[in-house]
$ cat final_25.cif   # mmCIF, C-alpha atoms
data_run
loop_
_atom_site.label_atom_id
_atom_site.label_comp_id
_atom_site.auth_asym_id
_atom_site.auth_seq_id
_atom_site.Cartn_x
_atom_site.Cartn_y
_atom_site.Cartn_z
CA MET A 16 106.39 65.16 90.17
CA ARG A 17 106.06 64.40 86.47
CA THR A 18 103.05 66.66 85.88
CA PRO A 19 104.78 69.90 86.94
CA LEU A 20 107.82 68.96 84.86
CA LEU A 21 105.57 68.32 81.87
CA LEU A 22 103.84 71.65 82.40
CA SER A 23 107.13 73.51 82.69
CA PHE A 24 108.36 71.97 79.44
CA LEU A 25 105.10 72.95 77.76
CA PHE A 26 105.64 76.45 79.09
CA LEU A 27 109.24 76.56 77.84
CA ALA A 28 108.01 75.48 74.42
CA LEU A 29 105.52 78.34 74.53
CA THR A 30 108.08 81.00 75.37
CA THR A 31 110.45 79.86 72.65
CA MET A 32 107.80 80.40 69.99
CA ALA A 33 107.28 83.99 71.12
CA GLN A 34 107.81 85.12 67.53
CA ALA A 35 104.54 83.60 66.43
CA PRO A 36 103.26 83.72 62.86
CA GLY A 37 100.53 86.14 61.80
CA TRP A 38 97.82 83.53 61.70
CA LEU A 39 98.05 83.10 65.46
CA GLU A 40 97.68 86.82 66.01
CA ASN A 41 94.68 86.92 63.67
CA THR A 42 93.10 83.98 65.49
CA LEU A 43 93.73 85.34 68.97
CA TYR A 44 92.54 88.83 68.08
CA GLY A 45 89.32 87.60 66.43
CA ASN A 46 85.80 88.30 67.70
CA GLY A 47 86.91 91.23 69.82
CA LYS A 48 89.67 89.07 71.39
CA PHE A 49 87.05 86.57 72.58
CA ASN A 50 89.13 83.77 71.07
CA VAL A 51 91.78 84.31 73.77
CA VAL A 52 89.14 83.43 76.33
CA VAL A 53 88.32 80.28 74.34
CA VAL A 54 92.02 79.31 74.33
CA VAL A 55 92.36 80.00 78.07
CA VAL A 56 89.27 77.94 78.97
CA ALA A 57 90.44 75.11 76.68
CA LEU A 58 93.90 75.10 78.32
CA ILE A 59 92.40 74.90 81.81
CA ILE A 60 90.12 72.00 80.81
CA LEU A 61 93.12 70.27 79.17
CA GLY A 62 95.26 70.79 82.26
CA ILE A 63 92.67 69.52 84.72
CA GLY A 64 91.87 66.68 82.27
CA LEU A 65 95.52 65.66 82.17
CA TRP A 66 95.58 65.64 85.95
CA MET A 67 92.39 63.50 86.03
CA TRP A 68 93.92 61.06 83.57
CA ARG A 69 97.03 60.64 85.74
CA MET A 70 94.84 60.27 88.84
CA ASP A 71 92.89 57.57 86.99
CA ARG A 72 96.14 55.74 86.17
CA ARG A 73 97.21 55.99 89.80
CA ILE A 74 93.96 54.43 91.03
CA SER A 75 94.15 51.70 88.34
CA THR A 76 97.55 50.71 89.72
CA LEU A 77 96.03 50.56 93.20
CA GLU A 78 93.24 48.29 91.95
CA LYS A 79 95.75 45.96 90.28
CA ASP A 80 97.81 45.77 93.49
CA ARG A 81 94.77 44.70 95.51
CA LYS A 82 94.11 41.66 93.32
CA MET B 6 74.85 61.17 106.00
CA GLU B 7 77.33 61.24 103.13
CA LEU B 8 75.81 64.53 102.06
CA ARG B 9 77.11 66.21 105.20
CA HIS B 10 80.68 65.66 103.98
CA TRP B 11 79.86 66.36 100.36
CA TRP B 12 78.31 69.80 100.57
CA TRP B 13 81.50 71.69 99.74
CA LYS B 14 82.02 69.60 96.61
CA PHE B 15 78.53 70.47 95.41
CA LEU B 16 79.28 74.09 96.29
CA ALA B 17 82.47 73.95 94.20
CA ILE B 18 80.58 72.67 91.15
CA ALA B 19 77.72 75.15 91.60
CA LEU B 20 80.12 78.09 91.95
CA LEU B 21 82.23 77.03 88.94
CA LEU B 22 79.09 76.55 86.82
CA PHE B 23 77.68 79.94 87.81
CA ALA B 24 80.97 81.82 87.45
CA SER B 25 82.06 80.20 84.16
CA ILE B 26 78.70 80.58 82.43
CA THR B 27 78.25 84.18 83.58
CA ALA B 28 81.85 85.03 82.71
CA LEU B 29 81.32 83.78 79.15
CA ARG B 30 77.74 85.00 78.60
CA THR B 31 77.74 88.54 80.05
CA PRO B 32 77.98 91.12 77.24
CA LEU B 33 80.45 93.98 77.24
CA THR B 34 79.17 97.52 77.67
CA PRO B 35 78.81 99.40 74.38
CA ALA B 36 81.85 101.52 73.55
CA LEU B 37 83.43 103.49 70.74
CA VAL B 38 86.53 101.57 69.69
CA HIS B 39 87.88 103.36 66.65
CA VAL B 40 87.78 106.86 65.16
CA SER B 41 89.37 107.80 61.86
CA PRO B 42 91.08 110.05 60.99
CA ASP B 43 92.79 110.76 64.31
CA ARG B 44 94.00 114.24 63.34
CA ILE B 45 91.90 116.98 61.74
CA ALA B 46 92.37 120.64 60.84
CA PRO B 47 89.76 123.46 60.78
CA GLY B 48 87.51 123.11 57.75
CA THR B 49 85.30 120.28 56.51
CA SER B 50 86.22 116.79 57.63
CA VAL B 51 84.45 113.44 57.55
CA ILE B 52 84.87 111.33 60.66
CA GLU B 53 84.14 107.63 60.82
CA VAL B 54 83.34 106.04 64.17
CA LEU B 55 83.34 102.32 64.89
CA GLY B 56 81.35 101.08 67.84
CA TYR B 57 81.35 97.76 69.68
CA ASN B 58 78.06 96.33 70.94
CA THR B 59 76.49 99.66 70.02
CA ASP B 60 73.07 100.33 68.56
CA PHE B 61 73.46 103.33 66.24
CA GLN B 62 70.08 104.41 64.81
CA ALA B 63 69.64 106.43 61.62
CA GLY B 64 67.83 109.65 62.49
CA SER B 65 68.36 109.63 66.25
CA THR B 66 72.11 109.01 66.65
CA VAL B 67 74.08 112.23 67.17
CA VAL B 68 77.85 112.48 66.68
CA TYR B 69 79.75 115.43 68.19
CA LEU B 70 83.28 116.63 68.83
CA GLU B 71 84.17 118.10 72.18
CA ASN B 72 86.87 119.62 74.32
CA ALA B 73 86.62 120.78 77.92
CA ASP B 74 83.69 123.18 77.42
CA GLN B 75 83.03 123.48 73.71
CA ARG B 76 81.09 121.21 71.42
CA VAL B 77 81.00 121.06 67.62
CA CYS B 78 77.91 119.60 65.94
CA PRO B 79 77.97 117.78 62.60
CA SER B 80 76.54 119.21 59.38
CA SER B 81 75.36 115.70 58.44
CA THR B 82 75.33 112.22 59.99
CA GLU B 83 75.11 108.93 58.11
CA VAL B 84 74.48 105.73 60.02
CA THR B 85 75.70 102.67 58.05
CA ASP B 86 74.65 100.06 60.59
CA ALA B 87 74.47 99.53 64.36
CA THR B 88 78.25 99.79 64.76
CA HIS B 89 79.29 102.16 61.95
CA VAL B 90 78.51 105.87 61.75
CA GLN B 91 79.97 108.64 59.57
CA ALA B 92 79.61 112.35 60.28
CA THR B 93 80.68 115.47 58.40
CA PHE B 94 81.90 118.41 60.49
CA ASP B 95 82.69 122.00 59.64
CA VAL B 96 85.34 122.55 62.28
CA PRO B 97 85.55 126.30 63.02
CA THR B 98 88.79 128.20 63.48
CA GLY B 99 89.40 129.89 66.80
CA LEU B 100 88.80 127.05 69.23
CA LYS B 101 90.11 127.75 72.72
CA GLU B 102 91.41 124.18 73.15
CA HIS B 103 92.01 121.18 70.91
CA LEU B 104 88.97 119.02 70.29
CA THR B 105 89.93 115.64 71.62
CA THR B 106 86.73 113.82 72.47
CA VAL B 107 84.39 112.15 70.00
CA GLY B 108 80.92 111.47 71.33
CA VAL B 109 78.08 109.41 69.92
CA ASP B 110 74.93 109.94 71.99
CA ARG B 111 75.95 108.99 75.54
CA LEU B 112 79.14 107.18 74.52
CA ARG B 113 82.39 109.11 74.55
CA TYR B 114 85.86 108.34 73.27
CA GLU B 115 88.31 110.65 75.00
CA GLY B 116 91.59 111.42 73.28
CA ALA B 117 90.24 110.00 70.01
CA LEU B 118 91.61 112.80 67.85
CA PHE B 119 93.63 115.98 67.75
CA THR B 120 92.43 119.20 66.20
CA GLU B 121 94.85 121.86 65.06
CA GLY B 122 94.30 125.62 65.27
CA LEU B 123 93.61 127.56 68.44
CA GLY B 124 92.08 131.01 69.00
CA GLN B 125 89.98 133.07 71.38
CA GLY B 126 87.06 130.67 71.65
CA ILE B 127 83.73 130.06 69.94
CA GLU B 128 80.20 129.43 71.06
CA GLY B 129 79.63 125.75 71.90
CA GLY B 130 77.08 123.91 69.72
CA ALA B 131 73.97 122.35 71.19
CA CYS B 132 73.58 118.72 70.12
CA GLY B 133 73.79 115.33 71.75
CA PRO B 134 72.91 114.68 75.39
CA SER B 135 73.44 117.53 77.85
CA ASP B 136 74.95 115.19 80.41
CA ALA B 137 77.34 113.08 78.38
CA SER B 138 78.50 110.90 81.24
CA SER B 139 76.79 107.55 80.88
CA THR B 140 75.48 106.24 84.15
CA VAL B 141 76.30 102.67 85.07
CA ALA B 142 73.40 102.16 87.42
CA ASP B 143 70.60 102.09 84.84
CA ALA B 144 72.52 99.99 82.30
CA PRO B 145 71.90 96.21 81.97
CA PHE B 146 74.46 93.87 83.58
CA ALA B 147 77.63 94.03 81.49
CA PHE B 148 81.41 93.87 81.80
CA PRO B 149 83.59 96.98 81.30
CA ASN B 150 84.70 97.47 77.70
CA ARG B 151 88.30 98.61 77.63
CA SER B 152 90.52 99.15 74.62
CA ILE B 153 93.26 96.49 74.20
CA LEU B 154 91.36 94.14 76.55
CA TYR B 155 87.90 94.04 74.91
CA GLU B 156 86.35 90.56 75.32
CA SER B 157 89.51 89.16 76.91
CA ILE B 158 88.54 90.91 80.18
CA ARG B 159 86.59 87.68 80.83
CA ASN B 160 89.93 85.94 81.42
CA LEU B 161 89.96 87.66 84.81
CA HIS B 162 87.55 84.95 85.95
CA PHE B 163 89.74 82.10 84.63
CA HIS B 164 93.40 83.13 84.79
CA VAL B 165 93.44 84.87 88.19
CA PRO B 166 91.62 82.09 90.17
CA MET B 167 94.41 79.70 89.08
CA TRP B 168 96.86 81.77 91.14
CA PHE B 169 94.49 82.10 94.08
CA THR B 170 94.12 78.32 94.10
CA MET B 171 97.88 77.82 93.91
CA ILE B 172 98.44 80.20 96.83
CA VAL B 173 95.79 78.46 98.98
CA LEU B 174 97.33 75.03 98.22
CA MET B 175 100.84 76.28 98.99
CA ALA B 176 99.52 77.79 102.23
CA ILE B 177 97.97 74.41 103.17
CA SER B 178 101.35 72.84 102.35
CA MET B 179 103.16 75.35 104.58
CA VAL B 180 100.76 74.84 107.51
CA GLN B 181 101.29 71.07 107.25
CA SER B 182 105.05 71.65 107.21
CA ILE B 183 104.85 73.73 110.40
CA ARG B 184 102.91 70.90 112.03
CA VAL B 185 105.57 68.41 110.88
CA LEU B 186 108.20 70.36 112.84
CA GLY B 187 106.09 69.96 115.97
CA SER B 188 104.90 66.37 115.56
CA ASN B 189 107.42 64.84 113.15
CA ALA B 190 104.45 62.96 111.64
CA LEU B 191 105.00 61.48 108.18
CA GLU B 192 101.29 61.76 107.38
CA GLN B 193 101.48 65.58 107.55
CA ASP B 194 104.72 65.55 105.57
CA ARG B 195 102.96 63.63 102.80
CA THR B 196 100.03 66.05 102.77
CA ALA B 197 102.50 68.94 102.51
CA GLU B 198 104.17 67.31 99.51
CA LEU B 199 100.90 66.50 97.74
CA ALA B 200 99.51 70.00 98.36
CA ALA B 201 102.61 71.51 96.75
CA GLN B 202 102.21 69.11 93.79
CA VAL B 203 98.58 70.06 93.16
CA GLY B 204 99.57 73.71 93.71
CA LEU B 205 102.18 73.42 90.97
CA VAL B 206 99.51 72.17 88.54
CA PHE B 207 97.63 75.42 89.10
CA CYS B 208 100.87 77.39 88.86
CA GLY B 209 101.46 75.82 85.43
CA LEU B 210 97.90 76.58 84.34
CA GLY B 211 98.27 80.17 85.56
CA LEU B 212 101.51 80.62 83.60
CA VAL B 213 100.14 79.11 80.37
CA THR B 214 96.80 80.96 80.45
CA GLY B 215 98.65 84.16 81.35
CA ALA B 216 101.03 83.66 78.42
CA PHE B 217 98.15 83.53 75.93
CA TRP B 218 96.42 86.51 77.50
CA ALA B 219 99.72 88.41 77.33
CA ARG B 220 100.07 87.49 73.63
CA ALA B 221 96.70 89.04 72.90
CA THR B 222 97.16 92.19 74.97
CA TRP B 223 100.90 92.90 75.26
CA GLY B 224 101.92 91.19 71.99
CA ALA B 225 104.27 88.57 73.46
CA PHE B 226 103.85 85.29 75.34
CA TRP B 227 106.48 86.33 77.83
CA THR B 228 107.84 89.71 78.84
CA ASN B 229 110.59 90.44 81.33
CA ASP B 230 108.06 91.80 83.78
CA VAL B 231 108.62 91.54 87.54
CA LYS B 232 105.28 89.86 88.11
CA LEU B 233 105.90 87.27 85.39
CA ASN B 234 109.46 86.50 86.43
CA GLY B 235 108.36 86.40 90.07
CA ALA B 236 105.72 83.79 89.19
CA ALA B 237 108.25 81.74 87.20
CA VAL B 238 110.79 81.87 90.03
CA THR B 239 108.08 80.78 92.49
CA GLY B 240 107.39 77.75 90.30
CA LEU B 241 111.10 76.91 90.21
CA ILE B 242 111.40 77.25 94.02
CA TYR B 243 108.69 74.61 94.41
CA LEU B 244 110.31 72.37 91.77
CA ALA B 245 113.47 72.57 93.89
CA TYR B 246 111.38 71.44 96.89
CA PHE B 247 110.73 68.12 95.12
CA VAL B 248 114.38 67.82 94.11
CA LEU B 249 115.38 68.35 97.76
CA ARG B 250 112.93 65.65 98.87
CA GLY B 251 114.44 63.23 96.38
CA THR B 252 117.96 63.65 97.80
CA VAL B 253 117.22 62.50 101.39
CA GLN B 254 116.75 58.77 102.04
CA ASP B 255 115.66 58.73 105.68
CA ALA B 256 111.93 59.51 105.87
CA HIS B 257 111.95 61.40 109.18
CA LYS B 258 115.03 63.41 108.27
CA ARG B 259 113.45 64.20 104.89
CA ALA B 260 110.22 65.31 106.59
CA ARG B 261 111.99 67.84 108.83
CA LEU B 262 114.34 69.15 106.16
CA ALA B 263 111.57 69.50 103.56
CA ALA B 264 109.33 71.20 106.14
CA ILE B 265 111.94 73.89 106.85
CA TYR B 266 112.53 74.47 103.13
CA ASN B 267 108.79 74.58 102.46
CA ILE B 268 108.18 77.29 105.06
CA PHE B 269 110.87 79.46 103.46
CA ALA B 270 109.45 78.67 100.02
CA PHE B 271 106.09 80.10 101.03
CA VAL B 272 107.74 83.25 102.39
CA LEU B 273 109.54 83.63 99.04
CA LEU B 274 106.23 83.07 97.20
CA VAL B 275 104.69 85.98 99.09
CA MET B 276 107.77 88.10 98.39
CA PHE B 277 107.95 87.33 94.67
CA LEU B 278 104.24 87.54 93.93
CA PHE B 279 103.10 90.33 96.22
CA VAL B 280 105.97 92.39 97.62
CA VAL B 281 108.58 92.78 94.87
CA PRO B 282 106.11 93.57 92.02
CA ARG B 283 104.46 96.23 94.19
CA LEU B 284 107.64 98.14 95.00
CA ASN B 285 107.39 101.65 93.62
CA ALA B 286 110.87 101.34 92.14
CA VAL B 287 109.76 98.83 89.50
CA ASP B 288 107.37 99.20 86.58
CA SER B 289 105.03 96.42 85.69
CA LEU B 290 102.63 95.84 82.84
CA HIS B 291 100.65 93.45 84.96
CA PRO B 292 97.49 94.96 86.51
CA GLY B 293 97.73 95.62 90.24
CA ASN B 294 101.52 96.11 90.31
CA GLY B 295 104.22 98.77 90.11
CA GLY B 296 101.93 101.78 89.88
CA ASN B 297 99.63 99.96 87.46
CA SER B 298 96.15 99.66 88.91
CA GLY B 299 94.17 96.43 89.03
CA PHE B 300 90.76 96.13 87.42
CA SER B 301 89.10 97.93 90.33
CA ASP B 302 89.19 101.24 88.44
CA LEU B 303 87.24 99.70 85.56
CA ASP B 304 84.76 98.21 87.85
CA LEU B 305 82.51 101.08 88.88
CA ASP B 306 79.63 98.91 89.87
CA ASN B 307 81.56 95.89 91.20
CA ARG B 308 80.23 93.90 88.27
CA LEU B 309 83.45 91.97 87.75
CA ARG B 310 83.71 91.24 91.47
CA MET B 311 80.23 89.65 91.56
CA ILE B 312 81.55 86.92 89.23
CA PHE B 313 85.20 86.99 90.27
CA TYR B 314 84.81 86.08 93.95
CA PRO B 315 82.50 83.07 93.30
CA ALA B 316 84.98 81.94 90.60
CA VAL B 317 87.91 82.16 93.04
CA LEU B 318 86.04 80.25 95.75
CA GLY B 319 84.91 77.61 93.23
CA TRP B 320 88.44 77.02 91.89
CA VAL B 321 89.96 76.99 95.39
CA LEU B 322 87.43 74.35 96.47
CA LEU B 323 88.21 72.32 93.33
CA GLY B 324 91.93 72.51 94.17
CA VAL B 325 91.27 71.34 97.73
CA TRP B 326 89.10 68.54 96.33
CA MET B 327 91.96 67.45 94.04
CA LEU B 328 94.32 67.44 97.03
CA ASN B 329 91.74 65.43 98.98
CA LEU B 330 91.74 62.75 96.23
CA ARG B 331 95.55 62.63 96.11
CA VAL B 332 95.81 62.24 99.88
CA ARG B 333 93.21 59.45 100.00
CA ALA B 334 94.85 57.58 97.10
CA ALA B 335 98.26 57.93 98.79
CA ARG B 336 96.83 56.57 102.06
CA ILE B 337 95.66 53.42 100.26
CA ALA B 338 98.88 53.08 98.23
CA GLU B 339 101.30 53.49 101.13
CA PRO B 340 99.70 53.18 104.55
CA LEU B 341 101.93 54.86 107.14
CA ASP B 342 102.38 53.51 110.64
CA PRO B 343 100.26 55.45 113.11
#
$ encode --input "final_25.cif" --output "structure tokens"
Amino acid sequence: MRTPLLLSFLFLALTTMAQAPGWLENTLYGNGKFNVVVVVVALIILGIGLWMWRMDRRISTLEKDRK
Amino acid sequence: MELRHWWWKFLAIALLLFASITALRTPLTPALVHVSPDRIAPGTSVIEVLGYNTDFQAGSTVVYLENADQRVCPSSTEVTDATHVQATFDVPTGLKEHLTTVGVDRLRYEGALFTEGLGQGIEGGACGPSDASSTVADAPFAFPNRSILYESIRNLHFHVPMWFTMIVLMAISMVQSIRVLGSNALEQDRTAELAAQVGLVFCGLGLVTGAFWARATWGAFWTNDVKLNGAAVTGLIYLAYFVLRGTVQDAHKRARLAAIYNIFAFVLLVMFLFVVPRLNAVDSLHPGNGGNSGFSDLDLDNRLRMIFYPAVLGWVLLGVWMLNLRVRAARIAEPLDP
């Protein structure tokens, strides 16, 4: 429940900064727009990583409860 | 014996490894990306051509201007390096049609420039390859090189599988909900909830990766496009599913109510993602919608598909694996009465 909320807030934050500064454009458009692919792959790894971290916390709680 | 149950997890990792590495490592096909100036008049003009992943060679590289059936050859060609070439043309008066295509050896850039001055027609020059159409079959494995997209075409193998995974997880959730209506089992209700939760993670990833891709191709993180708004509304519909669940105290009542909502939610997902954006009445920037073709027209040799389908299967299996972990953890945390 909290993860989707977190993601939607992140997304809202993204859309509000739609008027991005020039540096972002220069970065994204670099290397024949390859840097966009780097950003996309990084975001996916971050997202799945965040999910893994929360899953880890969940299992830690389970372990504590068993003791 | 464990291996018998593990094979699909190994398959998921193998597919993701193969698809991600190939998606990042495969080069783009050579293409002409920029021609300047873009407007010339009869007389002498110098034209600069910028190539991407090209291999221009001094001495052998031939630049030419072309329209439907006439070709103008350069008076001199100067190759700066593998991606820069400069050619001087004496454009004759009396062309039957405007010269619009710039060619360098087998590569062509159609609509690269506009030539003024029309007449009765001239004799076409003889330079460059006789058959200018480059054949895909004999080229090494490469992704299509398209203006605006360029290297970002690789995102097809990362952004789109997120949505496929979300749809599969939401479908699993809906099937569990249908079974809840028949059995009234809380176990299936829990699986339906967890599948929708993991599905929303992929929905979020799809929205965020899509926003960055849109920034690099359309110039904005978010546009008021039917496909984009449809995806956002779908996400909100599933957020409302969790809100609805939170409002009912009785577990069995909650299971039945949530199941009915969830079945409608999946129908709306299909409507918002696949039906509304494809109506002919609406325009959409997004490939595959509103009269805008998908990437299939770029993909003469099914090169993108050879990576795309393994990527989709790999991500879907990973999503199912994540759901599997959530369900098992939930079973330990809150065992339900049989």
$ residues_around --input "final_25.cif" --residues "His162 in chain B" --least-positions-apart "5" --cutoff "8 Å" --atoms "only C-alpha atoms" --output "VMD selection string"
chain B and resid 24 to 25 28 312 to 313 316 to 317
$ resolve_selection --input "final_25.cif" --expression "the PyMOL selection byres ((chain B and resi 216) around 8)" --output "list of chain:residue names"
A:Leu29, B:Leu212, B:Val213, B:Thr214, B:Gly215, B:Phe217, B:Trp218, B:Ala219, B:Arg220, B:Ala225, B:Phe226, B:Trp227
$ closest_atom_pairs --input "final_25.cif" --of "chain B" --to "chain A" --cutoff "9 Å" --atoms "only C-alpha atoms" --output "CSV"
residue,atom,partner,partner_atom,distance
B:Leu29,CA,A:Val52,CA,8.3
B:Tyr57,CA,A:Gly47,CA,8.6
B:Ile153,CA,A:Lys48,CA,8.7
B:Leu154,CA,A:Lys48,CA,7.4
B:Tyr155,CA,A:Gly47,CA,5.9
B:Glu156,CA,A:Phe49,CA,4.9
B:Ser157,CA,A:Lys48,CA,5.5
B:Ile158,CA,A:Val52,CA,8.4
B:Arg159,CA,A:Val52,CA,6.7
B:Asn160,CA,A:Val52,CA,5.7
B:Phe163,CA,A:Val56,CA,7.0
B:His164,CA,A:Val55,CA,7.5
B:Met167,CA,A:Ile59,CA,8.9
B:Gln202,CA,A:Met16,CA,6.8
B:Val203,CA,A:Pro19,CA,8.8
B:Leu205,CA,A:Pro19,CA,5.9
B:Val206,CA,A:Pro19,CA,6.0
B:Phe207,CA,A:Gly62,CA,8.6
B:Cys208,CA,A:Pro19,CA,8.7
B:Gly209,CA,A:Leu22,CA,5.7
B:Leu210,CA,A:Ile59,CA,6.3
B:Gly211,CA,A:Ile59,CA,8.7
B:Leu212,CA,A:Phe26,CA,7.4
B:Val213,CA,A:Phe26,CA,6.2
B:Thr214,CA,A:Val55,CA,5.1
B:Gly215,CA,A:Val55,CA,8.2
B:Ala216,CA,A:Leu29,CA,8.0
B:Phe217,CA,A:Val51,CA,6.8
B:Trp218,CA,A:Val51,CA,6.3
B:Arg220,CA,A:Glu40,CA,8.0
B:Ala221,CA,A:Leu43,CA,6.2
B:Thr222,CA,A:Lys48,CA,8.9
B:Gly224,CA,A:Glu40,CA,8.5
B:Ala225,CA,A:Ala33,CA,6.0
B:Phe226,CA,A:Ala33,CA,5.6
B:Trp227,CA,A:Thr30,CA,6.1
B:Gly240,CA,A:Ser23,CA,8.7
B:Leu244,CA,A:Pro19,CA,7.7
B:Phe247,CA,A:Met16,CA,7.2
B:Met327,CA,A:Met67,CA,8.9
B:Leu330,CA,A:Met70,CA,8.4
B:Arg331,CA,A:Met70,CA,7.7
B:Ala334,CA,A:Ile74,CA,6.9
B:Ile337,CA,A:Leu77,CA,7.6
B:Ala338,CA,A:Leu77,CA,6.3
$ write_last_selection --input "final_25.cif" --atoms "C-alpha atoms" --output "compact mmCIF listing (two decimals), in the coordinates of the input"
# COMPACT_ATOMS: atom_id res chain seq x y z
CA LEU B 29 81.32 83.78 79.15
CA TYR B 57 81.35 97.76 69.68
CA ILE B 153 93.26 96.49 74.20
CA LEU B 154 91.36 94.14 76.55
CA TYR B 155 87.90 94.04 74.91
CA GLU B 156 86.35 90.56 75.32
CA SER B 157 89.51 89.16 76.91
CA ILE B 158 88.54 90.91 80.18
CA ARG B 159 86.59 87.68 80.83
CA ASN B 160 89.93 85.94 81.42
CA PHE B 163 89.74 82.10 84.63
CA HIS B 164 93.40 83.13 84.79
CA MET B 167 94.41 79.70 89.08
CA GLN B 202 102.21 69.11 93.79
CA VAL B 203 98.58 70.06 93.16
CA LEU B 205 102.18 73.42 90.97
CA VAL B 206 99.51 72.17 88.54
CA PHE B 207 97.63 75.42 89.10
CA CYS B 208 100.87 77.39 88.86
CA GLY B 209 101.46 75.82 85.43
CA LEU B 210 97.90 76.58 84.34
CA GLY B 211 98.27 80.17 85.56
CA LEU B 212 101.51 80.62 83.60
CA VAL B 213 100.14 79.11 80.37
CA THR B 214 96.80 80.96 80.45
CA GLY B 215 98.65 84.16 81.35
CA ALA B 216 101.03 83.66 78.42
CA PHE B 217 98.15 83.53 75.93
CA TRP B 218 96.42 86.51 77.50
CA ARG B 220 100.07 87.49 73.63
CA ALA B 221 96.70 89.04 72.90
CA THR B 222 97.16 92.19 74.97
CA GLY B 224 101.92 91.19 71.99
CA ALA B 225 104.27 88.57 73.46
CA PHE B 226 103.85 85.29 75.34
CA TRP B 227 106.48 86.33 77.83
CA GLY B 240 107.39 77.75 90.30
CA LEU B 244 110.31 72.37 91.77
CA PHE B 247 110.73 68.12 95.12
CA MET B 327 91.96 67.45 94.04
CA LEU B 330 91.74 62.75 96.23
CA ARG B 331 95.55 62.63 96.11
CA ALA B 334 94.85 57.58 97.10
CA ILE B 337 95.66 53.42 100.26
CA ALA B 338 98.88 53.08 98.23
$ resolve_selection --input "final_25.cif" --expression "the PyMOL selection byres ((chain B and resi 10-20) around 8)" --output "PDB file with C-alpha atoms, in the frame of the given file"
ATOM      1  CA  MET B   6      74.850  61.170 106.000  1.00  0.00           C
ATOM      2  CA  GLU B   7      77.330  61.240 103.130  1.00  0.00           C
ATOM      3  CA  LEU B   8      75.810  64.530 102.060  1.00  0.00           C
ATOM      4  CA  ARG B   9      77.110  66.210 105.200  1.00  0.00           C
ATOM      5  CA  LEU B  21      82.230  77.030  88.940  1.00  0.00           C
ATOM      6  CA  LEU B  22      79.090  76.550  86.820  1.00  0.00           C
ATOM      7  CA  PHE B  23      77.680  79.940  87.810  1.00  0.00           C
ATOM      8  CA  ALA B  24      80.970  81.820  87.450  1.00  0.00           C
ATOM      9  CA  PRO B 315      82.500  83.070  93.300  1.00  0.00           C
ATOM     10  CA  ALA B 316      84.980  81.940  90.600  1.00  0.00           C
ATOM     11  CA  LEU B 318      86.040  80.250  95.750  1.00  0.00           C
ATOM     12  CA  GLY B 319      84.910  77.610  93.230  1.00  0.00           C
ATOM     13  CA  TRP B 320      88.440  77.020  91.890  1.00  0.00           C
ATOM     14  CA  LEU B 322      87.430  74.350  96.470  1.00  0.00           C
ATOM     15  CA  LEU B 323      88.210  72.320  93.330  1.00  0.00           C
ATOM     16  CA  TRP B 326      89.100  68.540  96.330  1.00  0.00           C
TER      17      TRP B 326
END
$ resolve_selection --input "final_25.cif" --expression "the PyMOL selection byres ((chain B and resi 31) around 8)" --output "list in words"
Thr27, Ala28, Leu29, Arg30, Pro32, Leu33, Phe146, Ala147 and Phe148 of chain B
$ atom_distance --input "final_25.cif" --atom1 "CA of Gly324 in chain B" --atom2 "CA of Arg308 in chain B"
25.1 Å
